[in-house]
$ cat protein_6.cif   # mmCIF, C-alpha atoms and all ligand atoms
data_structure
loop_
_atom_site.label_atom_id
_atom_site.label_comp_id
_atom_site.auth_asym_id
_atom_site.auth_seq_id
_atom_site.Cartn_x
_atom_site.Cartn_y
_atom_site.Cartn_z
CA MET S 5 0.00 0.00 0.00
CA ARG S 6 2.74 2.35 1.02
CA THR S 7 4.75 1.55 -2.14
CA ARG S 8 1.73 2.28 -4.29
CA SER S 9 1.07 5.65 -2.66
CA SER S 10 4.73 6.70 -2.78
CA ARG S 11 4.81 5.68 -6.45
CA ALA S 12 1.74 7.85 -7.04
CA VAL S 13 3.42 10.79 -5.33
CA ARG S 14 6.55 10.32 -7.43
CA LEU S 15 4.47 10.11 -10.59
CA ALA S 16 2.60 13.29 -9.68
CA LEU S 17 5.89 15.10 -9.04
CA ALA S 18 7.31 13.90 -12.35
CA VAL S 19 4.18 15.01 -14.24
CA GLY S 20 4.27 18.39 -12.48
CA ALA S 21 7.95 18.93 -13.24
CA THR S 22 7.49 17.92 -16.89
CA ALA S 23 4.52 20.26 -17.24
CA LEU S 24 6.56 23.09 -15.75
CA LEU S 25 9.56 22.45 -18.01
CA THR S 26 7.60 21.92 -21.22
CA SER S 27 5.47 25.02 -20.64
CA GLY S 28 8.69 27.04 -20.85
CA CYS S 29 8.03 28.79 -17.57
CA SER S 30 11.02 29.83 -15.54
CA GLY S 31 10.94 28.88 -11.89
CA ARG S 32 10.34 32.50 -10.98
CA GLN S 33 7.43 32.80 -13.40
CA ALA S 34 5.85 29.62 -11.99
CA TYR S 35 6.30 30.99 -8.48
CA GLU S 36 4.66 34.29 -9.43
CA ASP S 37 1.83 32.41 -11.16
CA ALA S 38 1.17 30.35 -8.07
CA PHE S 39 1.45 33.14 -5.51
CA GLY S 40 0.27 36.11 -7.55
CA ILE S 41 -3.34 34.99 -6.97
CA GLY S 42 -4.56 36.68 -10.14
CA TRP S 43 -2.12 39.58 -10.11
CA PRO S 44 -0.31 40.02 -13.47
CA HIS S 45 3.51 40.12 -13.58
CA PRO S 46 4.56 43.76 -13.36
CA VAL S 47 7.76 44.81 -15.12
CA THR S 48 8.19 47.91 -12.97
CA VAL S 49 9.30 48.55 -9.39
CA GLU S 50 6.05 50.47 -8.87
CA GLY S 51 3.98 47.44 -9.99
CA LYS S 52 5.73 45.37 -7.33
CA THR S 53 4.72 47.87 -4.64
CA MET S 54 1.09 47.53 -5.68
CA TYR S 55 1.45 43.75 -5.82
CA ASN S 56 2.30 43.73 -2.10
CA VAL S 57 -0.90 45.65 -1.31
CA TRP S 58 -2.81 43.08 -3.37
CA LEU S 59 -1.30 40.17 -1.42
CA GLY S 60 -2.20 41.80 1.91
CA THR S 61 -5.76 42.48 0.72
CA VAL S 62 -6.20 38.89 -0.46
CA ALA S 63 -4.85 37.60 2.86
CA ALA S 64 -7.31 39.81 4.79
CA ALA S 65 -10.21 38.70 2.56
CA ALA S 66 -9.22 35.04 2.98
CA ALA S 67 -9.08 35.42 6.77
CA VAL S 68 -12.54 37.04 6.83
CA GLY S 69 -13.93 34.35 4.51
CA PHE S 70 -12.44 31.58 6.63
CA GLY S 71 -13.90 33.14 9.80
CA VAL S 72 -17.37 33.42 8.25
CA TYR S 73 -17.37 29.79 7.05
CA LEU S 74 -16.10 28.66 10.45
CA LEU S 75 -18.93 30.48 12.26
CA ILE S 76 -21.47 29.03 9.80
CA ALA S 77 -20.09 25.53 10.43
CA VAL S 78 -20.24 26.02 14.22
CA ALA S 79 -23.85 27.24 14.00
CA VAL S 80 -24.86 24.37 11.71
CA VAL S 81 -23.33 21.69 13.93
CA ARG S 82 -24.09 23.10 17.38
CA ASP S 83 -27.56 24.49 16.74
CA ARG S 84 -28.99 21.82 14.50
CA LYS S 85 -32.59 20.82 15.35
CA LYS S 86 -32.69 18.44 18.29
CA THR S 87 -36.22 18.85 19.66
CA ASP S 88 -39.39 20.56 18.55
CA GLU S 89 -38.78 23.28 21.10
CA LEU S 90 -37.55 26.60 19.76
CA PRO S 91 -34.11 27.68 21.01
CA PRO S 92 -34.03 30.85 23.16
CA GLN S 93 -34.91 33.85 20.95
CA ILE S 94 -32.39 36.59 21.65
CA ARG S 95 -33.29 40.08 20.40
CA TYR S 96 -29.89 41.67 20.59
CA ASN S 97 -26.43 41.18 21.99
CA LEU S 98 -24.68 44.46 22.56
CA PRO S 99 -21.06 43.23 22.86
CA ILE S 100 -21.39 41.21 19.62
CA GLU S 101 -22.98 44.13 17.79
CA VAL S 102 -20.24 46.50 18.94
CA LEU S 103 -17.67 43.90 17.86
CA TYR S 104 -19.03 43.47 14.36
CA THR S 105 -19.20 47.22 13.89
CA ILE S 106 -15.67 47.81 15.07
CA VAL S 107 -13.89 44.85 13.43
CA PRO S 108 -14.84 45.75 9.81
CA PHE S 109 -13.90 49.35 10.51
CA VAL S 110 -10.48 48.27 11.76
CA ILE S 111 -9.99 46.02 8.69
CA ILE S 112 -10.92 48.87 6.32
CA ALA S 113 -8.69 51.32 8.20
CA VAL S 114 -5.69 48.97 7.95
CA LEU S 115 -6.31 48.33 4.22
CA PHE S 116 -6.73 52.07 3.65
CA PHE S 117 -3.48 52.78 5.46
CA TYR S 118 -1.43 50.35 3.36
CA THR S 119 -3.13 51.52 0.15
CA ALA S 120 -2.31 55.15 0.96
CA VAL S 121 1.30 54.28 1.80
CA ALA S 122 1.71 52.37 -1.51
CA GLU S 123 0.01 55.15 -3.47
CA ASN S 124 2.30 57.80 -2.00
CA LYS S 125 5.32 55.63 -2.76
CA VAL S 126 4.24 55.06 -6.39
CA ASN S 127 3.40 58.75 -6.94
CA LYS S 128 6.58 60.05 -5.31
CA LEU S 129 8.84 62.09 -7.56
CA THR S 130 12.61 61.89 -7.15
CA LYS S 131 14.92 64.90 -7.30
CA ASN S 132 16.98 63.71 -10.25
CA PRO S 133 15.28 61.19 -12.53
CA ASP S 134 17.63 59.44 -14.99
CA VAL S 135 15.47 60.18 -18.03
CA THR S 136 12.67 62.72 -18.50
CA ILE S 137 10.16 62.26 -21.28
CA GLY S 138 7.48 64.70 -22.32
CA VAL S 139 4.46 62.69 -23.49
CA VAL S 140 1.94 64.37 -25.74
CA GLY S 141 -1.25 62.44 -26.44
CA PHE S 142 -3.18 63.90 -29.35
CA GLN S 143 -5.97 62.85 -31.68
CA TRP S 144 -4.87 60.21 -32.63
CA ASN S 145 -1.34 59.32 -31.76
CA TRP S 146 1.54 60.00 -29.38
CA GLN S 147 4.63 62.16 -29.31
CA PHE S 148 7.58 61.38 -27.05
CA ASN S 149 10.06 64.17 -26.24
CA TYR S 150 13.31 63.04 -24.62
CA LEU S 151 14.22 66.18 -22.69
CA ASN S 152 17.93 67.11 -22.57
CA ALA S 153 18.65 63.59 -23.71
CA THR S 154 21.74 63.96 -25.89
CA THR S 155 25.25 64.48 -24.57
CA ASP S 156 24.98 68.19 -25.50
CA HIS S 157 21.61 68.42 -23.72
CA LYS S 158 19.39 68.60 -26.75
CA THR S 159 15.84 67.34 -26.80
CA VAL S 160 14.95 64.69 -29.34
CA GLN S 161 11.49 63.76 -30.40
CA VAL S 162 9.44 60.96 -31.91
CA THR S 163 5.95 61.48 -33.27
CA GLY S 164 3.60 58.73 -34.38
CA ALA S 165 1.80 59.56 -37.60
CA PRO S 166 -1.95 59.88 -37.20
CA PRO S 167 -4.21 58.15 -37.46
CA VAL S 168 -3.01 54.63 -38.25
CA GLY S 169 0.07 55.15 -40.42
CA GLN S 170 2.90 54.77 -37.97
CA GLN S 171 2.94 53.69 -34.40
CA ALA S 172 4.85 55.87 -31.99
CA VAL S 173 7.82 54.15 -30.37
CA LEU S 174 8.94 54.76 -26.82
CA VAL S 175 12.44 53.55 -25.93
CA ILE S 176 13.56 53.61 -22.29
CA PRO S 177 16.52 52.16 -20.40
CA VAL S 178 16.03 49.31 -17.93
CA ASP S 179 16.47 49.84 -14.16
CA LYS S 180 16.42 53.64 -14.45
CA LYS S 181 14.02 56.18 -13.02
CA ILE S 182 12.00 57.50 -15.93
CA ARG S 183 9.96 60.63 -15.40
CA PHE S 184 6.96 61.17 -17.65
CA ILE S 185 5.36 64.59 -18.04
CA GLU S 186 2.09 64.37 -19.92
CA THR S 187 -0.09 66.85 -21.70
CA SER S 188 -2.61 67.00 -24.51
CA PRO S 189 -3.51 69.69 -27.07
CA ASP S 190 -7.07 68.46 -27.64
CA VAL S 191 -9.05 66.05 -25.48
CA ILE S 192 -8.35 63.75 -22.54
CA HIS S 193 -6.28 60.67 -23.38
CA SER S 194 -4.76 58.13 -21.05
CA PHE S 195 -1.23 56.76 -21.15
CA TRP S 196 -1.36 53.05 -20.38
CA VAL S 197 1.23 50.31 -20.57
CA PRO S 198 -0.56 47.19 -19.28
CA ASP S 199 2.69 45.36 -18.39
CA PHE S 200 3.81 48.33 -16.27
CA LEU S 201 0.52 48.11 -14.36
CA PHE S 202 0.31 51.85 -14.71
CA LYS S 203 -2.14 54.23 -16.31
CA ARG S 204 -2.44 58.00 -16.07
CA ASP S 205 -4.79 60.44 -17.79
CA VAL S 206 -3.35 62.96 -20.25
CA ILE S 207 -5.31 66.16 -19.71
CA PRO S 208 -5.34 69.33 -21.87
CA GLY S 209 -3.97 72.39 -20.07
CA ARG S 210 -2.39 70.31 -17.35
CA LEU S 211 0.96 68.59 -16.75
CA ASN S 212 0.57 65.17 -15.17
CA THR S 213 3.88 63.88 -13.86
CA PHE S 214 4.86 60.43 -12.64
CA GLU S 215 7.90 58.16 -12.53
CA LEU S 216 8.38 54.52 -13.40
CA THR S 217 11.34 52.15 -13.13
CA PRO S 218 11.16 49.33 -15.68
CA THR S 219 12.83 46.15 -14.45
CA ARG S 220 12.78 43.80 -17.44
CA ILE S 221 14.18 44.24 -20.95
CA GLY S 222 11.50 43.56 -23.54
CA THR S 223 8.93 44.94 -25.94
CA TYR S 224 5.54 45.93 -24.59
CA VAL S 225 2.38 47.41 -25.99
CA GLY S 226 1.13 50.84 -24.93
CA ARG S 227 -2.43 52.06 -25.31
CA CYS S 228 -4.71 55.03 -24.89
CA ALA S 229 -7.14 54.06 -22.14
CA GLU S 230 -9.57 56.96 -22.59
CA LEU S 231 -12.19 56.94 -25.31
CA CYS S 232 -10.91 60.04 -27.10
CA GLY S 233 -12.79 60.04 -30.40
CA GLU S 234 -13.31 58.24 -33.65
CA LYS S 235 -9.77 56.84 -34.06
CA HIS S 236 -9.12 56.15 -30.40
CA ASP S 237 -8.21 52.56 -31.31
CA ALA S 238 -5.31 53.84 -33.46
CA MET S 239 -3.50 55.16 -30.38
CA ASN S 240 -1.43 52.08 -29.65
CA PHE S 241 2.29 52.59 -29.21
CA GLU S 242 5.32 50.38 -28.77
CA VAL S 243 7.49 50.40 -25.68
CA HIS S 244 11.01 49.03 -25.82
CA VAL S 245 12.77 48.58 -22.51
CA VAL S 246 16.43 48.27 -23.46
CA SER S 247 19.91 48.30 -21.94
CA GLU S 248 21.52 51.65 -21.14
CA ASN S 249 23.90 51.22 -24.14
CA ASP S 250 21.06 50.50 -26.56
CA TYR S 251 19.21 53.52 -25.21
CA GLN S 252 22.20 55.84 -25.77
CA THR S 253 22.63 54.45 -29.30
CA TYR S 254 18.96 55.06 -30.00
CA ILE S 255 19.07 58.66 -28.73
CA ALA S 256 22.29 59.40 -30.67
CA GLY S 257 20.71 57.96 -33.83
CA LEU S 258 17.59 60.03 -33.33
CA ALA S 259 19.67 63.20 -32.76
CA THR S 260 21.76 62.79 -35.91
CA ASN S 261 18.90 61.62 -38.09
CA PRO S 262 15.59 62.91 -36.76
CA ASP S 263 13.78 61.96 -39.96
CA ALA S 264 14.71 58.30 -39.72
CA ALA S 265 11.67 56.15 -39.22
CA PRO S 266 11.43 55.72 -35.46
CA ASN S 267 10.02 52.26 -35.99
CA ALA S 268 13.12 51.13 -37.84
CA LEU S 269 15.36 52.53 -35.12
CA GLY S 270 13.29 50.89 -32.44
CA ALA S 271 13.28 47.55 -34.21
CA ALA S 272 17.06 47.66 -34.72
CA LEU S 273 17.60 47.55 -31.00
CA THR S 274 18.38 44.32 -29.25
CA THR S 275 15.48 43.48 -27.03
CA GLY S 276 15.04 40.49 -24.80
CA ASP S 277 12.01 38.26 -24.88
CA ASN S 278 8.89 39.62 -23.35
CU CU I 301 -6.56 58.82 -26.96
#

$ encode --input "protein_6.cif" --output "structure tokens"
Amino acid sequence: MRTRSSRAVRLALAVGATALLTSGCSGRQAYEDAFGIGWPHPVTVEGKTMYNVWLGTVAAAAAVGFGVYLLIAVAVVRDRKKTDELPPQIRYNLPIEVLYTIVPFVIIAVLFFYTAVAENKVNKLTKNPDVTIGVVGFQWNWQFNYLNATTDHKTVQVTGAPPVGQQAVLVIPVDKKIRFIETSPDVIHSFWVPDFLFKRDVIPGRLNTFELTPTRIGTYVGRCAELCGEKHDAMNFEVHVVSENDYQTYIAGLATNPDAAPNALGAALTTGDN
């Protein structure tokens, strides 16, 4: 009996390991899949901060759920019908009522606290970001201005051609603080890179500023997340997170040949798998 069960365990382990290897998942990816509990893999430091809030919230929800099911089970077992006599009918119980008013409030206060802390951390601006990019969302494409980016502090620029002709390309170095300053000349757009787990509205007459630190080299899709008119769906852009060297090469290329197709330049860069 014991041999059969240990053989079954070994078989299950072998099947699991084979599935893991053949699916092409790295160990880290498998770990994140198992413990992310529905949270996508962020490729930014900021996404990781929010991931921690998510884990805490899920843990709190699981504890509450477990408590509720436990109380239901206790009531079902202890108070099941034994005689035809009704159990004592209690109209209220002050301590219990105070408890179930205070406990949810405490839970919400704790969740609010950690959410506010994470939000402040994500929204915090540093004194000296490594790269500053002016983002202009317009009907219907994007323009990226790399402020003081060249060695002689010139600004270089990439503009996607509206409406569908040419996607705008955003190239940023990995593991660097990137500051984005957004504005719009027409209507409200929204800068969104799903893999960054970050989205911020682009509002006419206003400068919205935030910072992100990408952590993984790769190519990602960017979108406009605000219904901004007829060709809203044409506002996709490409994001290349590249090494510092590739980034410098890209900026130098853009500075010497501003008319070169930004797509071609972007595609020429070495990018890791996504
Ligand atoms: Cu838009």

$ atom_distance --input "protein_6.cif" --atom1 "CA of Leu174 (chain S)" --atom2 "CA of Glu186 (chain S)"
13.7 Å

$ atom_distance --input "protein_6.cif" --atom1 "CA of Val175 (chain S)" --atom2 "CA of Ile192 (chain S)"
23.4 Å

$ closest_atom_pairs --input "protein_6.cif" --of "chain S" --to "ligand CU 301 (chain I)" --cutoff "12 Å" --atoms "all atoms listed in the file" --output "JSON lines"
{"residue": "S:Val140", "atom": "CA", "partner": "I:CU301", "partner_atom": "CU", "distance": 10.2}
{"residue": "S:Gly141", "atom": "CA", "partner": "I:CU301", "partner_atom": "CU", "distance": 6.4}
{"residue": "S:Phe142", "atom": "CA", "partner": "I:CU301", "partner_atom": "CU", "distance": 6.6}
{"residue": "S:Gln143", "atom": "CA", "partner": "I:CU301", "partner_atom": "CU", "distance": 6.2}
{"residue": "S:Trp144", "atom": "CA", "partner": "I:CU301", "partner_atom": "CU", "distance": 6.1}
{"residue": "S:Asn145", "atom": "CA", "partner": "I:CU301", "partner_atom": "CU", "distance": 7.1}
{"residue": "S:Trp146", "atom": "CA", "partner": "I:CU301", "partner_atom": "CU", "distance": 8.5}
{"residue": "S:Gln147", "atom": "CA", "partner": "I:CU301", "partner_atom": "CU", "distance": 11.9}
{"residue": "S:Pro166", "atom": "CA", "partner": "I:CU301", "partner_atom": "CU", "distance": 11.3}
{"residue": "S:Pro167", "atom": "CA", "partner": "I:CU301", "partner_atom": "CU", "distance": 10.8}
{"residue": "S:Thr187", "atom": "CA", "partner": "I:CU301", "partner_atom": "CU", "distance": 11.6}
{"residue": "S:Ser188", "atom": "CA", "partner": "I:CU301", "partner_atom": "CU", "distance": 9.4}
{"residue": "S:Pro189", "atom": "CA", "partner": "I:CU301", "partner_atom": "CU", "distance": 11.3}
{"residue": "S:Asp190", "atom": "CA", "partner": "I:CU301", "partner_atom": "CU", "distance": 9.7}
{"residue": "S:Val191", "atom": "CA", "partner": "I:CU301", "partner_atom": "CU", "distance": 7.8}
{"residue": "S:Ile192", "atom": "CA", "partner": "I:CU301", "partner_atom": "CU", "distance": 6.9}
{"residue": "S:His193", "atom": "CA", "partner": "I:CU301", "partner_atom": "CU", "distance": 4.0}
{"residue": "S:Ser194", "atom": "CA", "partner": "I:CU301", "partner_atom": "CU", "distance": 6.2}
{"residue": "S:Phe195", "atom": "CA", "partner": "I:CU301", "partner_atom": "CU", "distance": 8.1}
{"residue": "S:Trp196", "atom": "CA", "partner": "I:CU301", "partner_atom": "CU", "distance": 10.2}
{"residue": "S:Arg204", "atom": "CA", "partner": "I:CU301", "partner_atom": "CU", "distance": 11.7}
{"residue": "S:Asp205", "atom": "CA", "partner": "I:CU301", "partner_atom": "CU", "distance": 9.5}
{"residue": "S:Val206", "atom": "CA", "partner": "I:CU301", "partner_atom": "CU", "distance": 8.5}
{"residue": "S:Ile207", "atom": "CA", "partner": "I:CU301", "partner_atom": "CU", "distance": 10.4}
{"residue": "S:Pro208", "atom": "CA", "partner": "I:CU301", "partner_atom": "CU", "distance": 11.7}
{"residue": "S:Gly226", "atom": "CA", "partner": "I:CU301", "partner_atom": "CU", "distance": 11.3}
{"residue": "S:Arg227", "atom": "CA", "partner": "I:CU301", "partner_atom": "CU", "distance": 8.1}
{"residue": "S:Cys228", "atom": "CA", "partner": "I:CU301", "partner_atom": "CU", "distance": 4.7}
{"residue": "S:Ala229", "atom": "CA", "partner": "I:CU301", "partner_atom": "CU", "distance": 6.8}
{"residue": "S:Glu230", "atom": "CA", "partner": "I:CU301", "partner_atom": "CU", "distance": 5.6}
{"residue": "S:Leu231", "atom": "CA", "partner": "I:CU301", "partner_atom": "CU", "distance": 6.2}
{"residue": "S:Cys232", "atom": "CA", "partner": "I:CU301", "partner_atom": "CU", "distance": 4.5}
{"residue": "S:Gly233", "atom": "CA", "partner": "I:CU301", "partner_atom": "CU", "distance": 7.2}
{"residue": "S:Glu234", "atom": "CA", "partner": "I:CU301", "partner_atom": "CU", "distance": 9.5}
{"residue": "S:Lys235", "atom": "CA", "partner": "I:CU301", "partner_atom": "CU", "distance": 8.0}
{"residue": "S:His236", "atom": "CA", "partner": "I:CU301", "partner_atom": "CU", "distance": 5.1}
{"residue": "S:Asp237", "atom": "CA", "partner": "I:CU301", "partner_atom": "CU", "distance": 7.8}
{"residue": "S:Ala238", "atom": "CA", "partner": "I:CU301", "partner_atom": "CU", "distance": 8.3}
{"residue": "S:Met239", "atom": "CA", "partner": "I:CU301", "partner_atom": "CU", "distance": 5.9}
{"residue": "S:Asn240", "atom": "CA", "partner": "I:CU301", "partner_atom": "CU", "distance": 8.9}
{"residue": "S:Phe241", "atom": "CA", "partner": "I:CU301", "partner_atom": "CU", "distance": 11.1}

$ atom_distance --input "protein_6.cif" --atom1 "CA of Lys203 (chain S)" --atom2 "CA of Pro177 (chain S)"
19.2 Å

$ residues_near_point --input "protein_6.cif" --point "(16.1, 48.1, -22.7)" --cutoff "9 Å" --atoms "only C-alpha atoms" --output "MDAnalysis selection string"
chainID S and resid 175:179 218 220:223 244:251 273:276

$ write_last_selection --input "protein_6.cif" --atoms "C-alpha atoms" --output "PDB file, in the coordinates of the input"
ATOM      1  CA  VAL S 175      12.440  53.550 -25.930  1.00  0.00           C
ATOM      2  CA  ILE S 176      13.560  53.610 -22.290  1.00  0.00           C
ATOM      3  CA  PRO S 177      16.520  52.160 -20.400  1.00  0.00           C
ATOM      4  CA  VAL S 178      16.030  49.310 -17.930  1.00  0.00           C
ATOM      5  CA  ASP S 179      16.470  49.840 -14.160  1.00  0.00           C
ATOM      6  CA  PRO S 218      11.160  49.330 -15.680  1.00  0.00           C
ATOM      7  CA  ARG S 220      12.780  43.800 -17.440  1.00  0.00           C
ATOM      8  CA  ILE S 221      14.180  44.240 -20.950  1.00  0.00           C
ATOM      9  CA  GLY S 222      11.500  43.560 -23.540  1.00  0.00           C
ATOM     10  CA  THR S 223       8.930  44.940 -25.940  1.00  0.00           C
ATOM     11  CA  HIS S 244      11.010  49.030 -25.820  1.00  0.00           C
ATOM     12  CA  VAL S 245      12.770  48.580 -22.510  1.00  0.00           C
ATOM     13  CA  VAL S 246      16.430  48.270 -23.460  1.00  0.00           C
ATOM     14  CA  SER S 247      19.910  48.300 -21.940  1.00  0.00           C
ATOM     15  CA  GLU S 248      21.520  51.650 -21.140  1.00  0.00           C
ATOM     16  CA  ASN S 249      23.900  51.220 -24.140  1.00  0.00           C
ATOM     17  CA  ASP S 250      21.060  50.500 -26.560  1.00  0.00           C
ATOM     18  CA  TYR S 251      19.210  53.520 -25.210  1.00  0.00           C
ATOM     19  CA  LEU S 273      17.600  47.550 -31.000  1.00  0.00           C
ATOM     20  CA  THR S 274      18.380  44.320 -29.250  1.00  0.00           C
ATOM     21  CA  THR S 275      15.480  43.480 -27.030  1.00  0.00           C
ATOM     22  CA  GLY S 276      15.040  40.490 -24.800  1.00  0.00           C
TER      23      GLY S 276
END

$ axis_aligned_box --input "protein_6.cif" --around "region 172-176 of chain S" --padding-each-side "6 Å" --output "lines of an AutoDock Vina configuration file"
center_x = 9.2
center_y = 54.7
center_z = -27.1
size_x = 20.7
size_y = 14.3
size_z = 21.7

$ closest_residue --input "protein_6.cif" --among "S:Val173, S:Lys85, S:Tyr118, S:Val72" --to "Asn56 (chain S)" --atoms "all atoms listed in the file"
S:Tyr118

$ closest_residue --input "protein_6.cif" --among "S:Ala256, S:Val102, S:Val68, S:Ala63" --to "Lys158 (chain S)" --atoms "all atoms listed in the file"
S:Ala256

$ closest_residue --input "protein_6.cif" --among "S:Ile182, S:Ile94, S:Val126, S:Ala172" --to "Val225 (chain S)" --atoms "only C-alpha atoms"
S:Ala172

$ residues_around --input "protein_6.cif" --residues "Lys128 (chain S)" --least-positions-apart "3" --cutoff "9 Å" --atoms "only C-alpha atoms" --output "list in words"
Glu123, Asn124, Lys125, Phe214 and Glu215 of chain S

$ write_last_selection --input "protein_6.cif" --atoms "C-alpha atoms" --output "PDB file, keeping the file's coordinate frame"
ATOM      1  CA  GLU S 123       0.010  55.150  -3.470  1.00  0.00           C
ATOM      2  CA  ASN S 124       2.300  57.800  -2.000  1.00  0.00           C
ATOM      3  CA  LYS S 125       5.320  55.630  -2.760  1.00  0.00           C
ATOM      4  CA  PHE S 214       4.860  60.430 -12.640  1.00  0.00           C
ATOM      5  CA  GLU S 215       7.900  58.160 -12.530  1.00  0.00           C
TER       6      GLU S 215
END

$ build_atoms --input "protein_6.cif" --residues "region 67-88 of chain S" --atoms "N, CA and C atoms" --output "PDB file, in the frame of the given file"
ATOM      1  N   ALA S  67      -8.877  35.593   5.332  1.00  0.00           N
ATOM      2  CA  ALA S  67      -9.080  35.420   6.770  1.00  0.00           C
ATOM      3  C   ALA S  67     -10.543  35.662   7.134  1.00  0.00           C
ATOM      4  N   VAL S  68     -11.133  36.732   6.563  1.00  0.00           N
ATOM      5  CA  VAL S  68     -12.540  37.040   6.830  1.00  0.00           C
ATOM      6  C   VAL S  68     -13.419  35.903   6.323  1.00  0.00           C
ATOM      7  N   GLY S  69     -13.141  35.444   5.104  1.00  0.00           N
ATOM      8  CA  GLY S  69     -13.930  34.350   4.510  1.00  0.00           C
ATOM      9  C   GLY S  69     -13.842  33.097   5.361  1.00  0.00           C
ATOM     10  N   PHE S  70     -12.634  32.769   5.805  1.00  0.00           N
ATOM     11  CA  PHE S  70     -12.440  31.580   6.630  1.00  0.00           C
ATOM     12  C   PHE S  70     -13.229  31.710   7.931  1.00  0.00           C
ATOM     13  N   GLY S  71     -13.167  32.896   8.546  1.00  0.00           N
ATOM     14  CA  GLY S  71     -13.900  33.140   9.800  1.00  0.00           C
ATOM     15  C   GLY S  71     -15.395  32.968   9.614  1.00  0.00           C
ATOM     16  N   VAL S  72     -15.928  33.500   8.515  1.00  0.00           N
ATOM     17  CA  VAL S  72     -17.370  33.420   8.250  1.00  0.00           C
ATOM     18  C   VAL S  72     -17.789  31.953   8.080  1.00  0.00           C
ATOM     19  N   TYR S  73     -17.020  31.200   7.272  1.00  0.00           N
ATOM     20  CA  TYR S  73     -17.370  29.790   7.050  1.00  0.00           C
ATOM     21  C   TYR S  73     -17.251  28.983   8.347  1.00  0.00           C
ATOM     22  N   LEU S  74     -16.273  29.345   9.174  1.00  0.00           N
ATOM     23  CA  LEU S  74     -16.100  28.660  10.450  1.00  0.00           C
ATOM     24  C   LEU S  74     -17.316  28.897  11.340  1.00  0.00           C
ATOM     25  N   LEU S  75     -17.769  30.154  11.416  1.00  0.00           N
ATOM     26  CA  LEU S  75     -18.930  30.480  12.260  1.00  0.00           C
ATOM     27  C   LEU S  75     -20.185  29.774  11.731  1.00  0.00           C
ATOM     28  N   ILE S  76     -20.322  29.722  10.391  1.00  0.00           N
ATOM     29  CA  ILE S  76     -21.470  29.030   9.800  1.00  0.00           C
ATOM     30  C   ILE S  76     -21.436  27.545  10.214  1.00  0.00           C
ATOM     31  N   ALA S  77     -20.238  26.948  10.109  1.00  0.00           N
ATOM     32  CA  ALA S  77     -20.090  25.530  10.430  1.00  0.00           C
ATOM     33  C   ALA S  77     -20.440  25.291  11.905  1.00  0.00           C
ATOM     34  N   VAL S  78     -19.941  26.172  12.791  1.00  0.00           N
ATOM     35  CA  VAL S  78     -20.240  26.020  14.220  1.00  0.00           C
ATOM     36  C   VAL S  78     -21.741  26.088  14.452  1.00  0.00           C
ATOM     37  N   ALA S  79     -22.410  27.078  13.816  1.00  0.00           N
ATOM     38  CA  ALA S  79     -23.850  27.240  14.000  1.00  0.00           C
ATOM     39  C   ALA S  79     -24.605  26.018  13.480  1.00  0.00           C
ATOM     40  N   VAL S  80     -24.165  25.517  12.321  1.00  0.00           N
ATOM     41  CA  VAL S  80     -24.860  24.370  11.710  1.00  0.00           C
ATOM     42  C   VAL S  80     -24.738  23.133  12.598  1.00  0.00           C
ATOM     43  N   VAL S  81     -23.546  22.901  13.124  1.00  0.00           N
ATOM     44  CA  VAL S  81     -23.330  21.690  13.930  1.00  0.00           C
ATOM     45  C   VAL S  81     -23.947  21.843  15.317  1.00  0.00           C
ATOM     46  N   ARG S  82     -23.663  22.954  15.990  1.00  0.00           N
ATOM     47  CA  ARG S  82     -24.090  23.100  17.380  1.00  0.00           C
ATOM     48  C   ARG S  82     -25.596  23.318  17.517  1.00  0.00           C
ATOM     49  N   ASP S  83     -26.147  24.103  16.589  1.00  0.00           N
ATOM     50  CA  ASP S  83     -27.560  24.490  16.740  1.00  0.00           C
ATOM     51  C   ASP S  83     -28.498  23.734  15.821  1.00  0.00           C
ATOM     52  N   ARG S  84     -28.070  22.557  15.356  1.00  0.00           N
ATOM     53  CA  ARG S  84     -28.990  21.820  14.500  1.00  0.00           C
ATOM     54  C   ARG S  84     -30.203  21.368  15.333  1.00  0.00           C
ATOM     55  N   LYS S  85     -31.330  21.098  14.654  1.00  0.00           N
ATOM     56  CA  LYS S  85     -32.590  20.820  15.350  1.00  0.00           C
ATOM     57  C   LYS S  85     -32.495  19.517  16.149  1.00  0.00           C
ATOM     58  N   LYS S  86     -32.748  19.646  17.457  1.00  0.00           N
ATOM     59  CA  LYS S  86     -32.690  18.440  18.290  1.00  0.00           C
ATOM     60  C   LYS S  86     -34.075  18.082  18.803  1.00  0.00           C
ATOM     61  N   THR S  87     -34.854  19.102  19.189  1.00  0.00           N
ATOM     62  CA  THR S  87     -36.220  18.850  19.660  1.00  0.00           C
ATOM     63  C   THR S  87     -37.150  19.772  18.908  1.00  0.00           C
ATOM     64  N   ASP S  88     -38.427  19.672  19.200  1.00  0.00           N
ATOM     65  CA  ASP S  88     -39.390  20.560  18.550  1.00  0.00           C
ATOM     66  C   ASP S  88     -39.464  21.912  19.249  1.00  0.00           C
TER      67      ASP S  88
END
